[in-house]
Every structure is written in structure tokens, then in C-alpha cells.
>>> print(open('coords11.cif').read())   # mmCIF, C-alpha atoms and all ligand atoms
data_start
#
loop_
_atom_site.group_PDB
_atom_site.id
_atom_site.type_symbol
_atom_site.label_atom_id
_atom_site.label_comp_id
_atom_site.auth_asym_id
_atom_site.auth_seq_id
_atom_site.Cartn_x
_atom_site.Cartn_y
_atom_site.Cartn_z
ATOM 1 C CA MET A 1 4.624 -29.182 27.984
ATOM 2 C CA LYS A 2 7.815 -28.462 26.052
ATOM 3 C CA ARG A 3 5.940 -28.919 22.785
ATOM 4 C CA ILE A 4 3.172 -26.564 23.875
ATOM 5 C CA ASN A 5 5.787 -24.048 24.953
ATOM 6 C CA THR A 6 7.602 -24.224 21.617
ATOM 7 C CA LEU A 7 4.321 -23.897 19.755
ATOM 8 C CA TYR A 8 3.347 -20.919 21.905
ATOM 9 C CA LEU A 9 6.722 -19.271 21.382
ATOM 10 C CA SER A 10 6.676 -19.899 17.663
ATOM 11 C CA THR A 11 3.165 -18.415 17.503
ATOM 12 C CA ILE A 12 4.336 -15.363 19.435
ATOM 13 C CA GLY A 13 7.346 -15.052 17.124
ATOM 14 C CA LYS A 14 5.127 -15.295 14.043
ATOM 15 C CA LYS A 15 2.719 -12.724 15.445
ATOM 16 C CA ALA A 16 5.595 -10.361 16.140
ATOM 17 C CA ILE A 17 6.869 -10.788 12.558
ATOM 18 C CA ALA A 18 3.340 -10.233 11.191
ATOM 19 C CA ALA A 19 2.987 -7.071 13.276
ATOM 20 C CA ILE A 20 6.415 -5.596 12.400
ATOM 21 C CA THR A 21 6.162 -6.343 8.665
ATOM 22 C CA GLY A 22 2.542 -5.076 8.672
ATOM 23 C CA LEU A 23 3.754 -1.804 10.197
ATOM 24 C CA VAL A 24 6.541 -1.473 7.586
ATOM 25 C CA LEU A 25 3.990 -1.988 4.780
ATOM 26 C CA PHE A 26 1.535 0.450 6.379
ATOM 27 C CA GLY A 27 4.339 3.010 6.752
ATOM 28 C CA PHE A 28 5.116 2.623 3.042
ATOM 29 C CA LEU A 29 1.453 3.281 2.195
ATOM 30 C CA ILE A 30 1.414 6.474 4.289
ATOM 31 C CA GLY A 31 4.559 7.672 2.493
ATOM 32 C CA HIS A 32 3.115 6.676 -0.888
ATOM 33 C CA VAL A 33 -0.157 8.519 -0.311
ATOM 34 C CA ALA A 34 1.733 11.637 0.813
ATOM 35 C CA GLY A 35 3.846 11.455 -2.373
ATOM 36 C CA ASN A 36 0.760 10.953 -4.578
ATOM 37 C CA LEU A 37 -0.951 14.013 -3.097
ATOM 38 C CA LYS A 38 1.831 16.122 -4.636
ATOM 39 C CA VAL A 39 -0.211 16.010 -7.876
ATOM 40 C CA PHE A 40 -2.277 18.768 -6.224
ATOM 41 C CA THR A 41 0.624 21.055 -5.284
ATOM 42 C CA GLY A 42 1.430 22.280 -8.812
ATOM 43 C CA SER A 43 4.756 22.738 -10.604
ATOM 44 C CA SER A 44 8.063 24.508 -10.137
ATOM 45 C CA ALA A 45 8.843 27.758 -11.996
ATOM 46 C CA ASP A 46 10.287 25.840 -14.985
ATOM 47 C CA GLY A 47 7.087 23.801 -15.332
ATOM 48 C CA VAL A 48 8.209 20.506 -13.782
ATOM 49 C CA PRO A 49 5.336 19.059 -11.690
ATOM 50 C CA HIS A 50 6.227 18.678 -8.006
ATOM 51 C CA ILE A 51 5.370 14.974 -8.114
ATOM 52 C CA ASP A 52 7.934 14.420 -10.910
ATOM 53 C CA GLU A 53 10.571 16.267 -8.849
ATOM 54 C CA TYR A 54 9.685 14.106 -5.844
ATOM 55 C CA GLY A 55 10.044 10.908 -7.921
ATOM 56 C CA GLN A 56 13.459 12.138 -9.093
ATOM 57 C CA PHE A 57 14.453 13.008 -5.504
ATOM 58 C CA LEU A 58 13.703 9.414 -4.407
ATOM 59 C CA LYS A 59 16.153 8.172 -7.063
ATOM 60 C CA VAL A 60 19.033 10.346 -5.884
ATOM 61 C CA VAL A 61 18.394 10.447 -2.143
ATOM 62 C CA GLY A 62 21.630 9.894 -0.185
ATOM 63 C CA GLU A 63 23.864 11.432 -2.894
ATOM 64 C CA PRO A 64 26.792 12.125 -2.924
ATOM 65 C CA ILE A 65 27.500 9.610 -0.151
ATOM 66 C CA LEU A 66 25.430 6.914 -1.851
ATOM 67 C CA PRO A 67 25.311 6.246 -5.596
ATOM 68 C CA PRO A 68 22.040 7.132 -7.372
ATOM 69 C CA MET A 69 19.235 4.559 -6.942
ATOM 70 C CA PHE A 70 21.079 2.892 -4.024
ATOM 71 C CA ALA A 71 18.723 4.040 -1.232
ATOM 72 C CA LEU A 72 15.710 3.352 -3.454
ATOM 73 C CA TRP A 73 16.851 -0.233 -4.070
ATOM 74 C CA ILE A 74 17.458 -0.751 -0.338
ATOM 75 C CA ALA A 75 13.911 0.508 0.368
ATOM 76 C CA ARG A 76 12.564 -1.776 -2.372
ATOM 77 C CA ALA A 77 14.405 -4.777 -0.870
ATOM 78 C CA VAL A 78 13.055 -4.017 2.630
ATOM 79 C CA LEU A 79 9.553 -3.640 1.231
ATOM 80 C CA LEU A 80 9.678 -6.826 -0.791
ATOM 81 C CA GLY A 81 11.168 -8.742 2.147
ATOM 82 C CA SER A 82 8.424 -7.399 4.440
ATOM 83 C CA LEU A 83 5.734 -8.297 1.932
ATOM 84 C CA VAL A 84 6.967 -11.878 1.460
ATOM 85 C CA LEU A 85 7.416 -12.419 5.220
ATOM 86 C CA HIS A 86 4.056 -10.839 6.006
ATOM 87 C CA VAL A 87 2.133 -13.048 3.559
ATOM 88 C CA TRP A 88 3.992 -16.191 4.645
ATOM 89 C CA VAL A 89 3.632 -15.643 8.396
ATOM 90 C CA VAL A 90 -0.001 -14.506 8.222
ATOM 91 C CA ALA A 91 -0.875 -17.636 6.203
ATOM 92 C CA GLN A 92 0.888 -19.806 8.806
ATOM 93 C CA LEU A 93 -0.966 -18.103 11.661
ATOM 94 C CA ALA A 94 -4.300 -18.561 9.896
ATOM 95 C CA LYS A 95 -3.535 -22.281 9.507
ATOM 96 C CA LEU A 96 -2.561 -22.600 13.184
ATOM 97 C CA SER A 97 -5.646 -20.786 14.427
ATOM 98 C CA HIS A 98 -7.859 -22.916 12.163
ATOM 99 C CA ALA A 99 -6.282 -26.106 13.554
ATOM 100 C CA ALA A 100 -6.662 -24.909 17.162
ATOM 101 C CA ARG A 101 -10.278 -23.757 16.768
ATOM 102 C CA PRO A 102 -12.594 -25.466 19.288
ATOM 103 C CA MET A 103 -15.614 -27.142 17.755
ATOM 104 C CA LYS A 104 -18.084 -25.539 20.160
ATOM 105 C CA TYR A 105 -18.439 -22.060 18.793
ATOM 106 C CA VAL A 106 -21.195 -19.529 19.233
ATOM 107 C CA ARG A 107 -22.714 -19.647 15.759
ATOM 108 C CA ASN A 108 -22.471 -15.922 15.035
ATOM 109 C CA HIS A 109 -18.823 -15.775 16.022
ATOM 110 C CA LYS A 110 -18.007 -18.626 13.736
ATOM 111 C CA VAL A 111 -19.735 -16.989 10.795
ATOM 112 C CA ALA A 112 -18.146 -13.587 11.490
ATOM 113 C CA SER A 113 -14.607 -14.880 12.026
ATOM 114 C CA SER A 114 -14.618 -17.186 9.015
ATOM 115 C CA TRP A 115 -16.030 -14.355 6.872
ATOM 116 C CA ALA A 116 -13.205 -12.032 7.992
ATOM 117 C CA ALA A 117 -10.534 -14.709 7.490
ATOM 118 C CA ARG A 118 -11.816 -15.493 4.016
ATOM 119 C CA TYR A 119 -12.096 -11.791 3.169
ATOM 120 C CA MET A 120 -8.489 -11.232 4.306
ATOM 121 C CA MET A 121 -7.260 -14.101 2.140
ATOM 122 C CA TYR A 122 -9.079 -13.089 -1.046
ATOM 123 C CA SER A 123 -8.471 -9.358 -0.635
ATOM 124 C CA GLY A 124 -4.796 -10.062 0.155
ATOM 125 C CA LEU A 125 -4.471 -12.062 -3.072
ATOM 126 C CA LEU A 126 -6.184 -9.285 -5.031
ATOM 127 C CA ILE A 127 -3.844 -6.666 -3.509
ATOM 128 C CA LEU A 128 -0.802 -8.801 -4.397
ATOM 129 C CA ALA A 129 -1.992 -9.116 -7.994
ATOM 130 C CA PHE A 130 -2.692 -5.368 -8.027
ATOM 131 C CA VAL A 131 0.843 -4.525 -6.842
ATOM 132 C CA VAL A 132 2.397 -6.600 -9.661
ATOM 133 C CA PHE A 133 0.080 -5.010 -12.238
ATOM 134 C CA HIS A 134 0.613 -1.526 -10.748
ATOM 135 C CA ILE A 135 4.430 -1.714 -10.960
ATOM 136 C CA LEU A 136 4.195 -2.897 -14.584
ATOM 137 C CA HIS A 137 1.766 -0.025 -15.247
ATOM 138 C CA PHE A 138 3.295 3.031 -13.561
ATOM 139 C CA THR A 139 6.922 2.107 -12.726
ATOM 140 C CA THR A 140 8.220 0.083 -15.668
ATOM 141 C CA GLY A 141 5.596 1.130 -18.240
ATOM 142 C CA THR A 142 5.430 -2.479 -19.488
ATOM 143 C CA ILE A 143 1.620 -2.382 -19.446
ATOM 144 C CA GLN A 144 0.741 0.758 -21.381
ATOM 145 C CA LEU A 145 -2.799 1.971 -20.719
ATOM 146 C CA GLY A 146 -2.038 5.488 -21.861
ATOM 147 C CA GLU A 147 1.020 7.267 -23.219
ATOM 148 C CA PHE A 148 3.901 6.531 -20.807
ATOM 149 C CA GLU A 149 7.302 8.091 -20.281
ATOM 150 C CA HIS A 150 9.741 7.200 -17.479
ATOM 151 C CA GLY A 151 9.926 9.872 -14.795
ATOM 152 C CA MET A 152 6.973 11.888 -16.166
ATOM 153 C CA ILE A 153 4.722 10.801 -13.297
ATOM 154 C CA TYR A 154 2.090 13.556 -13.568
ATOM 155 C CA SER A 155 1.686 13.050 -17.273
ATOM 156 C CA ASN A 156 1.532 9.231 -16.882
ATOM 157 C CA LEU A 157 -1.191 9.567 -14.231
ATOM 158 C CA PHE A 158 -3.095 12.037 -16.426
ATOM 159 C CA ASN A 159 -2.907 9.787 -19.507
ATOM 160 C CA SER A 160 -4.131 6.702 -17.624
ATOM 161 C CA PHE A 161 -6.743 8.110 -15.262
ATOM 162 C CA SER A 162 -8.401 10.337 -17.842
ATOM 163 C CA LYS A 163 -9.713 6.988 -19.143
ATOM 164 C CA TRP A 164 -12.461 6.337 -16.572
ATOM 165 C CA PRO A 165 -12.393 2.470 -16.562
ATOM 166 C CA ILE A 166 -8.767 2.622 -15.371
ATOM 167 C CA GLY A 167 -9.600 5.168 -12.681
ATOM 168 C CA LEU A 168 -12.604 3.116 -11.598
ATOM 169 C CA ALA A 169 -10.519 -0.090 -11.400
ATOM 170 C CA TYR A 170 -7.928 1.671 -9.203
ATOM 171 C CA ILE A 171 -10.653 3.139 -6.961
ATOM 172 C CA SER A 172 -12.297 -0.298 -6.539
ATOM 173 C CA VAL A 173 -8.996 -1.882 -5.475
ATOM 174 C CA MET A 174 -8.403 0.975 -3.009
ATOM 175 C CA VAL A 175 -11.768 0.235 -1.327
ATOM 176 C CA VAL A 176 -10.821 -3.461 -0.995
ATOM 177 C CA LEU A 177 -7.418 -2.378 0.356
ATOM 178 C CA GLY A 178 -9.096 -0.050 2.897
ATOM 179 C CA LEU A 179 -11.173 -2.902 4.359
ATOM 180 C CA HIS A 180 -8.126 -5.202 4.358
ATOM 181 C CA LEU A 181 -6.123 -2.591 6.289
ATOM 182 C CA TYR A 182 -8.964 -1.949 8.734
ATOM 183 C CA HIS A 183 -9.156 -5.627 9.615
ATOM 184 C CA GLY A 184 -5.345 -5.889 9.618
ATOM 185 C CA ILE A 185 -4.929 -3.006 12.073
ATOM 186 C CA TRP A 186 -7.620 -4.451 14.311
ATOM 187 C CA SER A 187 -5.909 -7.876 14.314
ATOM 188 C CA LEU A 188 -2.607 -6.153 15.070
ATOM 189 C CA PHE A 189 -4.111 -4.585 18.204
ATOM 190 C CA GLN A 190 -5.341 -8.009 19.296
ATOM 191 C CA THR A 191 -1.948 -9.546 18.529
ATOM 192 C CA LEU A 192 -0.247 -6.928 20.667
ATOM 193 C CA GLY A 193 -2.778 -7.636 23.435
ATOM 194 C CA LEU A 194 -4.025 -4.044 23.384
ATOM 195 C CA ASP A 195 -7.695 -4.958 23.010
ATOM 196 C CA ASN A 196 -9.753 -4.728 26.145
ATOM 197 C CA PRO A 197 -13.444 -3.856 26.638
ATOM 198 C CA ASP A 198 -12.576 -0.424 28.086
ATOM 199 C CA ARG A 199 -10.426 0.524 25.121
ATOM 200 C CA ASN A 200 -12.038 -1.306 22.205
ATOM 201 C CA ASN A 201 -14.211 1.600 21.054
ATOM 202 C CA ALA A 202 -11.236 3.961 20.962
ATOM 203 C CA LEU A 203 -9.069 1.373 19.156
ATOM 204 C CA ARG A 204 -11.780 0.673 16.564
ATOM 205 C CA THR A 205 -12.258 4.407 15.987
ATOM 206 C CA PHE A 206 -8.494 4.789 15.514
ATOM 207 C CA ALA A 207 -8.431 1.901 12.991
ATOM 208 C CA VAL A 208 -11.401 3.376 11.092
ATOM 209 C CA VAL A 209 -9.940 6.902 10.982
ATOM 210 C CA MET A 210 -6.495 5.686 9.808
ATOM 211 C CA THR A 211 -7.869 3.465 7.058
ATOM 212 C CA VAL A 212 -10.557 5.889 5.856
ATOM 213 C CA ALA A 213 -7.978 8.725 5.670
ATOM 214 C CA LEU A 214 -5.525 6.539 3.747
ATOM 215 C CA THR A 215 -8.177 5.184 1.377
ATOM 216 C CA ILE A 216 -9.567 8.658 0.631
ATOM 217 C CA GLY A 217 -5.991 9.919 0.111
ATOM 218 C CA PHE A 218 -5.443 7.259 -2.560
ATOM 219 C CA ILE A 219 -8.876 7.609 -4.187
ATOM 220 C CA VAL A 220 -8.867 11.405 -4.665
ATOM 221 C CA VAL A 221 -5.983 11.171 -7.163
ATOM 222 C CA PRO A 222 -7.696 9.010 -9.838
ATOM 223 C CA LEU A 223 -11.003 10.808 -9.081
ATOM 224 C CA ALA A 224 -9.482 14.237 -9.764
ATOM 225 C CA PHE A 225 -8.017 13.098 -13.104
ATOM 226 C CA MET A 226 -11.222 11.238 -14.085
ATOM 227 C CA PHE A 227 -13.466 14.233 -13.563
ATOM 228 C CA GLY A 228 -11.223 16.654 -15.411
ATOM 229 C CA GLY A 229 -10.245 18.633 -12.339
ATOM 230 C CA MET A 230 -6.542 18.550 -13.226
ATOM 231 C CA LEU A 231 -4.509 20.677 -15.643
ATOM 232 C CA ALA A 232 -3.267 18.891 -18.755
ATOM 233 C CA PRO A 233 0.459 18.066 -18.468
ATOM 234 C CA VAL A 234 2.809 20.624 -19.974
ATOM 235 C CA GLU A 235 5.774 19.520 -22.061
ATOM 236 C CA TYR A 236 9.064 20.120 -20.326
ATOM 237 C CA ALA A 237 12.605 19.242 -21.242
ATOM 238 C CA HIS A 238 13.509 15.897 -19.672
ATOM 239 C CA ASP A 239 16.963 17.147 -18.637
ATOM 240 C CA LEU A 240 15.308 19.624 -16.222
ATOM 241 C CA LEU A 241 14.305 16.558 -14.229
ATOM 242 C CA THR A 242 17.573 14.670 -14.383
ATOM 243 C CA GLU A 243 19.477 17.744 -13.232
ATOM 244 C CA GLY A 244 17.195 17.606 -10.151
HETATM 245 C C1 LIG B 301 -4.700 5.442 -6.524
HETATM 246 C C2 LIG B 301 -3.709 4.847 -5.901
HETATM 247 C C3 LIG B 301 -2.284 4.846 -6.375
HETATM 248 C C4 LIG B 301 -1.647 5.664 -7.274
HETATM 249 C C5 LIG B 301 -2.211 6.839 -8.057
HETATM 250 C C6 LIG B 301 -0.264 5.227 -7.341
HETATM 251 C C7 LIG B 301 0.705 5.783 -8.156
HETATM 252 C C8 LIG B 301 1.982 5.291 -8.340
HETATM 253 C C9 LIG B 301 2.951 5.783 -9.285
HETATM 254 C C10 LIG B 301 2.715 6.936 -10.244
HETATM 255 C C11 LIG B 301 4.083 5.045 -9.149
HETATM 256 C C12 LIG B 301 5.414 5.205 -9.953
HETATM 257 C C13 LIG B 301 6.283 6.237 -9.300
HETATM 258 C C14 LIG B 301 7.599 6.462 -10.046
HETATM 259 O O1 LIG B 301 7.657 6.278 -11.242
HETATM 260 O O2 LIG B 301 8.566 6.840 -9.379
HETATM 261 C C15 LIG B 301 3.832 4.060 -8.121
HETATM 262 C C16 LIG B 301 4.742 3.125 -7.682
HETATM 263 C C17 LIG B 301 4.464 2.138 -6.766
HETATM 264 N N1 LIG B 301 3.297 1.954 -6.072
HETATM 265 FE FE1 LIG B 301 1.617 3.050 -6.269
HETATM 266 N N2 LIG B 301 -0.089 4.162 -6.493
HETATM 267 C C18 LIG B 301 -1.305 3.898 -5.877
HETATM 268 C C19 LIG B 301 -1.565 2.903 -4.938
HETATM 269 C C20 LIG B 301 -0.659 1.973 -4.515
HETATM 270 C C21 LIG B 301 -0.928 0.946 -3.528
HETATM 271 C C22 LIG B 301 -2.260 0.758 -2.823
HETATM 272 C C23 LIG B 301 0.226 0.213 -3.388
HETATM 273 C C24 LIG B 301 0.497 -0.970 -2.507
HETATM 274 C C25 LIG B 301 -0.430 -1.771 -2.010
HETATM 275 C C26 LIG B 301 1.208 0.779 -4.272
HETATM 276 C C27 LIG B 301 2.487 0.311 -4.410
HETATM 277 C C28 LIG B 301 3.435 0.852 -5.257
HETATM 278 C C29 LIG B 301 4.774 0.313 -5.412
HETATM 279 C C30 LIG B 301 5.345 -0.902 -4.673
HETATM 280 C C31 LIG B 301 5.418 1.116 -6.354
HETATM 281 C C32 LIG B 301 6.861 0.954 -6.884
HETATM 282 C C33 LIG B 301 7.780 1.814 -6.080
HETATM 283 C C34 LIG B 301 9.206 1.649 -6.601
HETATM 284 O O3 LIG B 301 9.763 0.579 -6.405
HETATM 285 O O4 LIG B 301 9.722 2.584 -7.190
HETATM 286 N N3 LIG B 301 0.652 1.847 -4.933
HETATM 287 N N4 LIG B 301 2.551 4.236 -7.640
#
>>> encode(input="coords11.cif", output="C-alpha cells")
Amino acid sequence: MKRINTLYLSTIGKKAIAAITGLVLFGFLIGHVAGNLKVFTGSSADGVPHIDEYGQFLKVVGEPILPPMFALWIARAVLLGSLVLHVWVVAQLAKLSHAARPMKYVRNHKVASSWAARYMMYSGLLILAFVVFHILHFTTGTIQLGEFEHGMIYSNLFNSFSKWPIGLAYISVMVVLGLHLYHGIWSLFQTLGLDNPDRNNALRTFAVVMTVALTIGFIVVPLAFMFGGMLAPVEYAHDLLTEG
């Protein structure tokens, strides 16, 4: 009994960690999409694109109380910690649920649940690989797929996404991410015990609306650059940005 209790509690604990870290990561994505959409809001009077100003703001947020980059590094640490915990705990839960699975399964359920579990694993691995590639591409500029300059976010996006294979690759990953998030949100509802036949339709609709909105928000940025709907970047003095 004690063993079952400990197992149950540890499963509950893991589910809680998966849910909290999942929410932190989802919150980051909402913030990220909102920041990305600033490519459509134009530039300030001195020609600095709003998205570049926003990127600069994130570096100095908290000043003068905090030194520059401090808040950004704290956010990065929280994000990385959430990501590592999320992947670890979700993998543990998948192993536990596999071990506890009864042999007598309605055939369709078995096929559907193993398909979803496998999809979550492969898409999760793809998203992890994407995040590493993406940081090397747009944050550090280590992988140069177009002319790159630190802080010149609009121009970096323009130079990469005006090459359609890069835009298409980003769009494809965003579709995979959308499905991963849809399934993740749905599992979160089940984890929290919110699912119930009276509510399931509303919960599914909520999960679909959230993930479709987020996915479209991400996809419209590369699409707009790919199809030439965006103004070419204008040269501006870099010190306009560093002065904030
Ligand atoms: C079309 C979709 C996306 C676009 C256009 C985009 C664009 C960008 C750009 C331009 C930066 C660099 C910002 C800067 O220099 O300050 C960045 C950073 C980043 N992006 Fe994305 N992103 C997209 C999707 C994603 C997704 C889906 C994730 C996560 C799953 C993600 C995670 C990150 C992370 C972790 C950083 C580094 C933030 C930092 O530590 O400063 N991005 N993104």
C-alpha cells in the first residue's frame, strides 16, 4: 500500500511539474509571438524598426535597478530550467504509463494513444533540435543563412526569410509545433482532471483555438517576408539602438 501511495504521489508530483513547466513554456511562446508580430508595426521616426527597439528593450529591462542583460539572463535560466524539467518529467511519465498499461485494450484506443505518444516524442525531439538551431541562427548568428548583424532583428529576418527554403523550413516546424502544443494542452487538461464528457467539447475547442492562433501568429512572419510583402530594411546608425 505504501509503495502504491508513493508511486501515486510521485506520479502526481511529476504531472504537476509537467503542467507548470508546460505553462511556463507556453507563456514564453505567447510572448515570443507577440514580439515577432512587431515586424508589422513599422519603425520609429529615426527609422529603427519597432522589433529592433523591442529586442533592445528586453536587454535593458529592469535598469537602472538591475544591470543590463540581468533580467534577460534570469528569464533564459527559468526557460532553460523549465525546458529540461519538462522533457525529463514527461519522458518519465510516458515510461510509467507504458509500464502500467493493461494488456486488454480496445484496439482503436491502443492505436490512437500509441500514435499520439510516438508523435509527441518525435515532434518534441524535432522542436528541441529546432530551438538549438534557431538560437544559433537568429540570436548568436553562428549559423549564417543570410547577412546577420546583432540587434538588427528586422534586417536579419528579412535576409533569411527572403530565401524561400528557409521560410518553408520554419513554417513546417511551426506546423509540427502546433500539433505538439494541441496534444500537450489536451493532456494538461486531463492531468489537471478537468476533462469530463460535459466539458470535453469546450476544452477541445479552447485547445484548438489557442494552438491555431499561436501557429498562425508564428507562420505569418516568414510568409510575409517570403512573398515580398515587407519593406526592405533601411540602414540606421547602430548607436540609435544602443541608446534605446
Ligand atoms: C517563425 C517563427 C519564429 C521566428 C520568426 C522567431 C524569431 C526569433 C528571433 C528573430 C530571435 C532573436 C531575437 C533577438 O535577437 O533578440 C529569436 C530568439 C529566440 N526564439 Fe524564436 N522565432 C520563431 C519561433 C520560435 C519558437 C517556435 C521557439 C520555441 C519553441 C523559439 C524560441 C526562441 C528562443 C529560445 C530564442 C532566444 C531568446 C533569447 O535567449 O534571447 N522561437 N526568435
>>> resolve_selection(input="coords11.cif", expression="the PyMOL selection byres (((chain A and resi 18) around 8) and not hetatm)", output="ChimeraX atom specification")
/A:14-17,19-22,85-86,89-90
>>> residues_around(input="coords11.cif", residues="Gly47 of chain A", least_positions_apart="6", cutoff="9 Å", atoms="all atoms listed in the file", output="ChimeraX atom specification")
/A:234-236
>>> resolve_selection(input="coords11.cif", expression="the PyMOL selection byres (((chain A and resi 178) around 10) and not hetatm)", output="number ranges by chain")
A: 123, 172-177, 179-184, 208, 210-216, 218
>>> atom_distance(input="coords11.cif", atom1="atom CA of Ala71 of chain A", atom2="atom C13 of ligand LIG 301 (chain B)")
15.0 Å
>>> axis_aligned_box(input="coords11.cif", around="ligand LIG 301 (chain B)", padding_each_side="5 Å", output="JSON")
{"center_x": 2.5, "center_y": 2.6, "center_z": -6.6, "size_x": 24.5, "size_y": 18.7, "size_z": 19.2}
>>> residues_near_ligand(input="coords11.cif", ligand="ligand LIG 301 (chain B)", cutoff="6 Å", atoms="all atoms listed in the file", output="list in words")
Gly55, Arg76, Val131, Ile135, Phe138, Thr139, Gly151, Ile153, Tyr170, Phe218, Ile219, Val221 and Pro222 of chain A
>>> atom_distance(input="coords11.cif", atom1="atom CA of His98 of chain A", atom2="atom CA of Val84 of chain A")
21.4 Å
>>> resolve_selection(input="coords11.cif", expression="the PyMOL selection byres (((chain A and resi 39) around 12) and not hetatm)", output="number ranges by chain")
A: 33-38, 40-43, 48-55, 152-158, 217-218, 220-222, 224-225, 229-233
>>> atom_distance(input="coords11.cif", atom1="atom CA of Pro64 of chain A", atom2="atom CA of Leu80 of chain A")
25.6 Å
>>> closest_residue(input="coords11.cif", among="A:Ile30, A:Trp186, A:Trp164, A:Gly62", to="Thr205 of chain A", atoms="all atoms listed in the file")
A:Trp186
>>> decode(input="coords11.cif", residues="segment 49-63 of chain A", atoms="N, CA and C atoms", output="short mmCIF file (atom, residue, chain, number, x, y, z; two decimals), in the first residue's frame")
data_model
loop_
_atom_site.label_atom_id
_atom_site.label_comp_id
_atom_site.auth_asym_id
_atom_site.auth_seq_id
_atom_site.Cartn_x
_atom_site.Cartn_y
_atom_site.Cartn_z
N PRO A 49 13.37 49.90 -36.74
CA PRO A 49 12.15 49.07 -36.69
C PRO A 49 11.72 48.80 -35.25
N HIS A 50 10.40 48.78 -35.03
CA HIS A 50 9.89 48.55 -33.67
C HIS A 50 10.41 47.23 -33.09
N ILE A 51 10.56 46.21 -33.92
CA ILE A 51 11.00 44.92 -33.38
C ILE A 51 12.45 45.01 -32.87
N ASP A 52 13.27 45.86 -33.51
CA ASP A 52 14.66 46.03 -33.04
C ASP A 52 14.66 46.76 -31.69
N GLU A 53 13.75 47.77 -31.58
CA GLU A 53 13.65 48.51 -30.31
C GLU A 53 13.19 47.56 -29.20
N TYR A 54 12.25 46.68 -29.54
CA TYR A 54 11.73 45.73 -28.55
C TYR A 54 12.84 44.78 -28.08
N GLY A 55 13.64 44.29 -29.03
CA GLY A 55 14.77 43.41 -28.70
C GLY A 55 15.74 44.11 -27.76
N GLN A 56 15.98 45.42 -28.04
CA GLN A 56 16.89 46.20 -27.20
C GLN A 56 16.28 46.40 -25.81
N PHE A 57 14.97 46.65 -25.78
CA PHE A 57 14.26 46.84 -24.50
C PHE A 57 14.44 45.60 -23.61
N LEU A 58 14.33 44.40 -24.22
CA LEU A 58 14.45 43.17 -23.42
C LEU A 58 15.85 43.07 -22.79
N LYS A 59 16.85 43.68 -23.44
CA LYS A 59 18.21 43.60 -22.90
C LYS A 59 18.40 44.53 -21.70
N VAL A 60 17.64 45.62 -21.68
CA VAL A 60 17.88 46.61 -20.61
C VAL A 60 16.74 46.68 -19.60
N VAL A 61 15.77 45.77 -19.73
CA VAL A 61 14.62 45.82 -18.82
C VAL A 61 15.10 45.68 -17.37
N GLY A 62 14.53 46.50 -16.49
CA GLY A 62 14.93 46.47 -15.07
C GLY A 62 15.96 47.54 -14.72
N GLU A 63 16.56 48.18 -15.75
CA GLU A 63 17.54 49.25 -15.48
C GLU A 63 16.83 50.47 -14.89
#
